[in-house]
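J.: Pasting in a structure now, in structure tokens, and then I'll have a few things to ask.
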Amino acid sequence: MHVTIEQAEIAIKAARAKAEELNIQFCIAIVDSGADLKAFFRMDDAWVGSIDISIKKAKTAVFFGMPTGEIGKLSQPGGPLFGIEHSNGGLITFPGGIPIVDEQGVLTGAIGVSGSSVENDNAVAAAGVAALGGYPLPAHPWRT
């Protein structure tokens with residue numbers, strides 16, 4: 001099952017509201033469970049470089065079924081996933097990408113946000129996911 005366009009619009013609206021609260025311009029991407037772009041919003045004056053980063057954060061989160069910040073912890077030198085960012089045409093392994101899970105616990109897509117610090121990116125992404133229910137992620141052996 002994929003995130004619907006209606007759900008993507010709800011997530012983007014909530015993420016935009018958080019971005020406006022922070023007074024920062026972001027790029028917000030939603031991908032479906034196949035990591036294909038479902039919806040995208042670039043706020044006025046958001047960095048051009050954040051377009052690609054937001055999309056890659058969303059793809060990374062859906063590819064591995066965990067937040068990008070968690071993958072980042074595992075991909076540090078000496079970590080079990082060191083070098084993973086070079087796979088799949090390039091991944092982003094710092095915070096701002098969060099999987100979207102439905103009420104049955106099925107991963108249906110992900111949100112990726114870029115435009116500020118990773119803490120702000122993650123807060124904006126989390127607001128988008130929370131608007132859809134914020135259901136917990138399915139169990140995964142690598143998640144810490």
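Each chain in the structure tokens gets a letter, A, B, ..., in the order shown, and its residues are numbered from 1; ligands are numbered from 1 in order too.
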Using only C-alpha atoms, tabulate the residues of region 12-69 of chain A lying at most 7 Å from any atom of region 73-91 of chain A, each with its closest atom pair and that distance in Å to one decimal, by chain and increasing residue number, as a tab-separated table.

T.:
residue	atom	partner	partner_atom	distance
A:Lys56	CA	A:Leu91	CA	5.8
A:Lys57	CA	A:Leu91	CA	7.0
A:Thr60	CA	A:Leu91	CA	5.7
A:Gly69	CA	A:Lys73	CA	6.5

J.: Considering only C-alpha atoms, return as a list in words whatever protein or nucleic-acid residues lie within 12 Å of Gly49 (chain A), sequence-local ones (same chain, fewer than 3 positions apart) excluded.

T.: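 Counting only the stated atoms, we get Phe26, Cys27, Arg42, Asp45, Ala46, Asp52, Ile53, Ser54, Ile55, Lys56, Val113, Ser114, Gly115 and Ser116 of chain A.
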
J.: Taking only C-alpha atoms into account, which of A:Ile28, A:Ala126, A:Ala131, A:Met43 comes nearest Gly112 (chain A)?

T.: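 Between A:Ile28, A:Ala126, A:Ala131, A:Met43, the residue approaching Gly112 (chain A) most closely is A:Ile28.
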
J.: Assign secondary structure with DSSP using the backbone only, and return the residues of chain A in alpha helix (DSSP H) as a VMD selection string.

T.: chain A and resid 5 to 22 49 to 64 68 to 74 118 to 130

J.: Pull the strand (DSSP E or B) assignments for region 7-141 of chain A out of DSSP run on the backbone, and list those residues as a ChimeraX atom specification.

T.: /A:27-32,37-42,97-101,107-114

J.: Okay, now the selection with N, CA and C atoms, as an mmCIF file, in the first residue's frame?

T.:
data_model
loop_
_atom_site.group_PDB
_atom_site.id
_atom_site.type_symbol
_atom_site.label_atom_id
_atom_site.label_comp_id
_atom_site.auth_asym_id
_atom_site.auth_seq_id
_atom_site.Cartn_x
_atom_site.Cartn_y
_atom_site.Cartn_z
ATOM 1 N N CYS A 27 12.429 22.586 1.857
ATOM 2 C CA CYS A 27 11.912 21.724 0.802
ATOM 3 C C CYS A 27 11.359 20.493 1.507
ATOM 4 N N ILE A 28 10.171 20.059 1.090
ATOM 5 C CA ILE A 28 9.476 18.945 1.732
ATOM 6 C C ILE A 28 9.091 17.943 0.650
ATOM 7 N N ALA A 29 9.580 16.718 0.792
ATOM 8 C CA ALA A 29 9.298 15.671 -0.195
ATOM 9 C C ALA A 29 8.574 14.509 0.466
ATOM 10 N N ILE A 30 7.615 13.946 -0.253
ATOM 11 C CA ILE A 30 6.915 12.731 0.171
ATOM 12 C C ILE A 30 7.130 11.690 -0.915
ATOM 13 N N VAL A 31 7.605 10.511 -0.510
ATOM 14 C CA VAL A 31 7.715 9.392 -1.442
ATOM 15 C C VAL A 31 6.771 8.287 -1.002
ATOM 16 N N ASP A 32 6.372 7.440 -1.958
ATOM 17 C CA ASP A 32 5.515 6.306 -1.623
ATOM 18 C C ASP A 32 6.377 5.132 -1.166
ATOM 19 N N LEU A 37 8.644 9.592 -5.937
ATOM 20 C CA LEU A 37 8.137 10.879 -5.473
ATOM 21 C C LEU A 37 6.628 10.950 -5.638
ATOM 22 N N LYS A 38 5.936 11.265 -4.554
ATOM 23 C CA LYS A 38 4.483 11.391 -4.555
ATOM 24 C C LYS A 38 4.064 12.855 -4.551
ATOM 25 N N ALA A 39 4.762 13.664 -3.741
ATOM 26 C CA ALA A 39 4.443 15.087 -3.651
ATOM 27 C C ALA A 39 5.691 15.831 -3.205
ATOM 28 N N PHE A 40 5.755 17.090 -3.603
ATOM 29 C CA PHE A 40 6.925 17.911 -3.271
ATOM 30 C C PHE A 40 6.474 19.354 -3.114
ATOM 31 N N PHE A 41 7.075 20.049 -2.132
ATOM 32 C CA PHE A 41 6.788 21.468 -1.950
ATOM 33 C C PHE A 41 8.079 22.183 -1.595
ATOM 34 N N ARG A 42 8.396 23.211 -2.365
ATOM 35 C CA ARG A 42 9.550 24.047 -2.069
ATOM 36 C C ARG A 42 9.038 25.420 -1.667
ATOM 37 N N GLY A 97 14.653 12.669 7.491
ATOM 38 C CA GLY A 97 13.854 11.709 6.737
ATOM 39 C C GLY A 97 13.199 10.739 7.696
ATOM 40 N N ILE A 98 11.877 10.608 7.599
ATOM 41 C CA ILE A 98 11.134 9.752 8.533
ATOM 42 C C ILE A 98 10.116 8.911 7.764
ATOM 43 N N PRO A 99 10.093 7.596 8.014
ATOM 44 C CA PRO A 99 9.090 6.752 7.369
ATOM 45 C C PRO A 99 7.663 7.121 7.802
ATOM 46 N N ILE A 100 6.724 6.863 6.907
ATOM 47 C CA ILE A 100 5.299 7.030 7.189
ATOM 48 C C ILE A 100 4.706 5.632 7.309
ATOM 49 N N VAL A 101 4.061 5.376 8.436
ATOM 50 C CA VAL A 101 3.493 4.061 8.730
ATOM 51 C C VAL A 101 1.996 4.235 8.969
ATOM 52 N N LEU A 107 4.504 0.206 6.342
ATOM 53 C CA LEU A 107 5.259 1.333 5.812
ATOM 54 C C LEU A 107 4.645 1.728 4.473
ATOM 55 N N THR A 108 4.130 2.963 4.380
ATOM 56 C CA THR A 108 3.457 3.400 3.154
ATOM 57 C C THR A 108 4.223 4.470 2.399
ATOM 58 N N GLY A 109 5.280 4.995 2.988
ATOM 59 C CA GLY A 109 6.062 6.042 2.340
ATOM 60 C C GLY A 109 6.991 6.690 3.333
ATOM 61 N N ALA A 110 7.451 7.891 2.993
ATOM 62 C CA ALA A 110 8.337 8.632 3.896
ATOM 63 C C ALA A 110 8.303 10.107 3.536
ATOM 64 N N ILE A 111 8.701 10.923 4.493
ATOM 65 C CA ILE A 111 8.854 12.358 4.297
ATOM 66 C C ILE A 111 10.331 12.693 4.433
ATOM 67 N N GLY A 112 10.793 13.609 3.617
ATOM 68 C CA GLY A 112 12.154 14.123 3.718
ATOM 69 C C GLY A 112 12.110 15.633 3.705
ATOM 70 N N VAL A 113 12.866 16.255 4.598
ATOM 71 C CA VAL A 113 12.857 17.707 4.739
ATOM 72 C C VAL A 113 14.286 18.213 4.779
ATOM 73 N N SER A 114 14.528 19.315 4.077
ATOM 74 C CA SER A 114 15.841 19.949 4.094
ATOM 75 C C SER A 114 15.681 21.454 3.979
#

J.: Hey, which of A:Val118, A:Val106, A:Ala35, A:Ile71 ends up closest to Ala58 (chain A)? Count only C-alpha atoms.

T.: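 Of all the options, A:Ala35 lies closest to Ala58 (chain A).
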
J.: Residues within 8 Å of Gly72 (chain A), please, as JSON, numbers by chain. Count only C-alpha atoms; anything in the same chain fewer than 5 positions from it doesn't count.

T.: {"A": [93, 94, 95]}

J.: Rounded to one decimal in Å, what is the spacing between CA of Ala15 (chain A) and CA of Gln104 (chain A)?

T.: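 CA of Gln104 (chain A) lies 23.0 Å from CA of Ala15 (chain A).
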
J.: Check the smallest atom-to-atom distance from each of A:Glu103, A:Lys59, A:Ala19, A:Met1 to Leu132 (chain A) using only C-alpha atoms, then report the winner.

T.: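 Of A:Glu103, A:Lys59, A:Ala19, A:Met1, the one nearest Leu132 (chain A) is A:Glu103, counting only C-alpha atoms.
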
J.: If I take CA of Val3 (chain A) and CA of Gly133 (chain A), how far is one from the other in Å, to one decimal?

T.: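 Between CA of Val3 (chain A) and CA of Gly133 (chain A) the gap is 12.6 Å.
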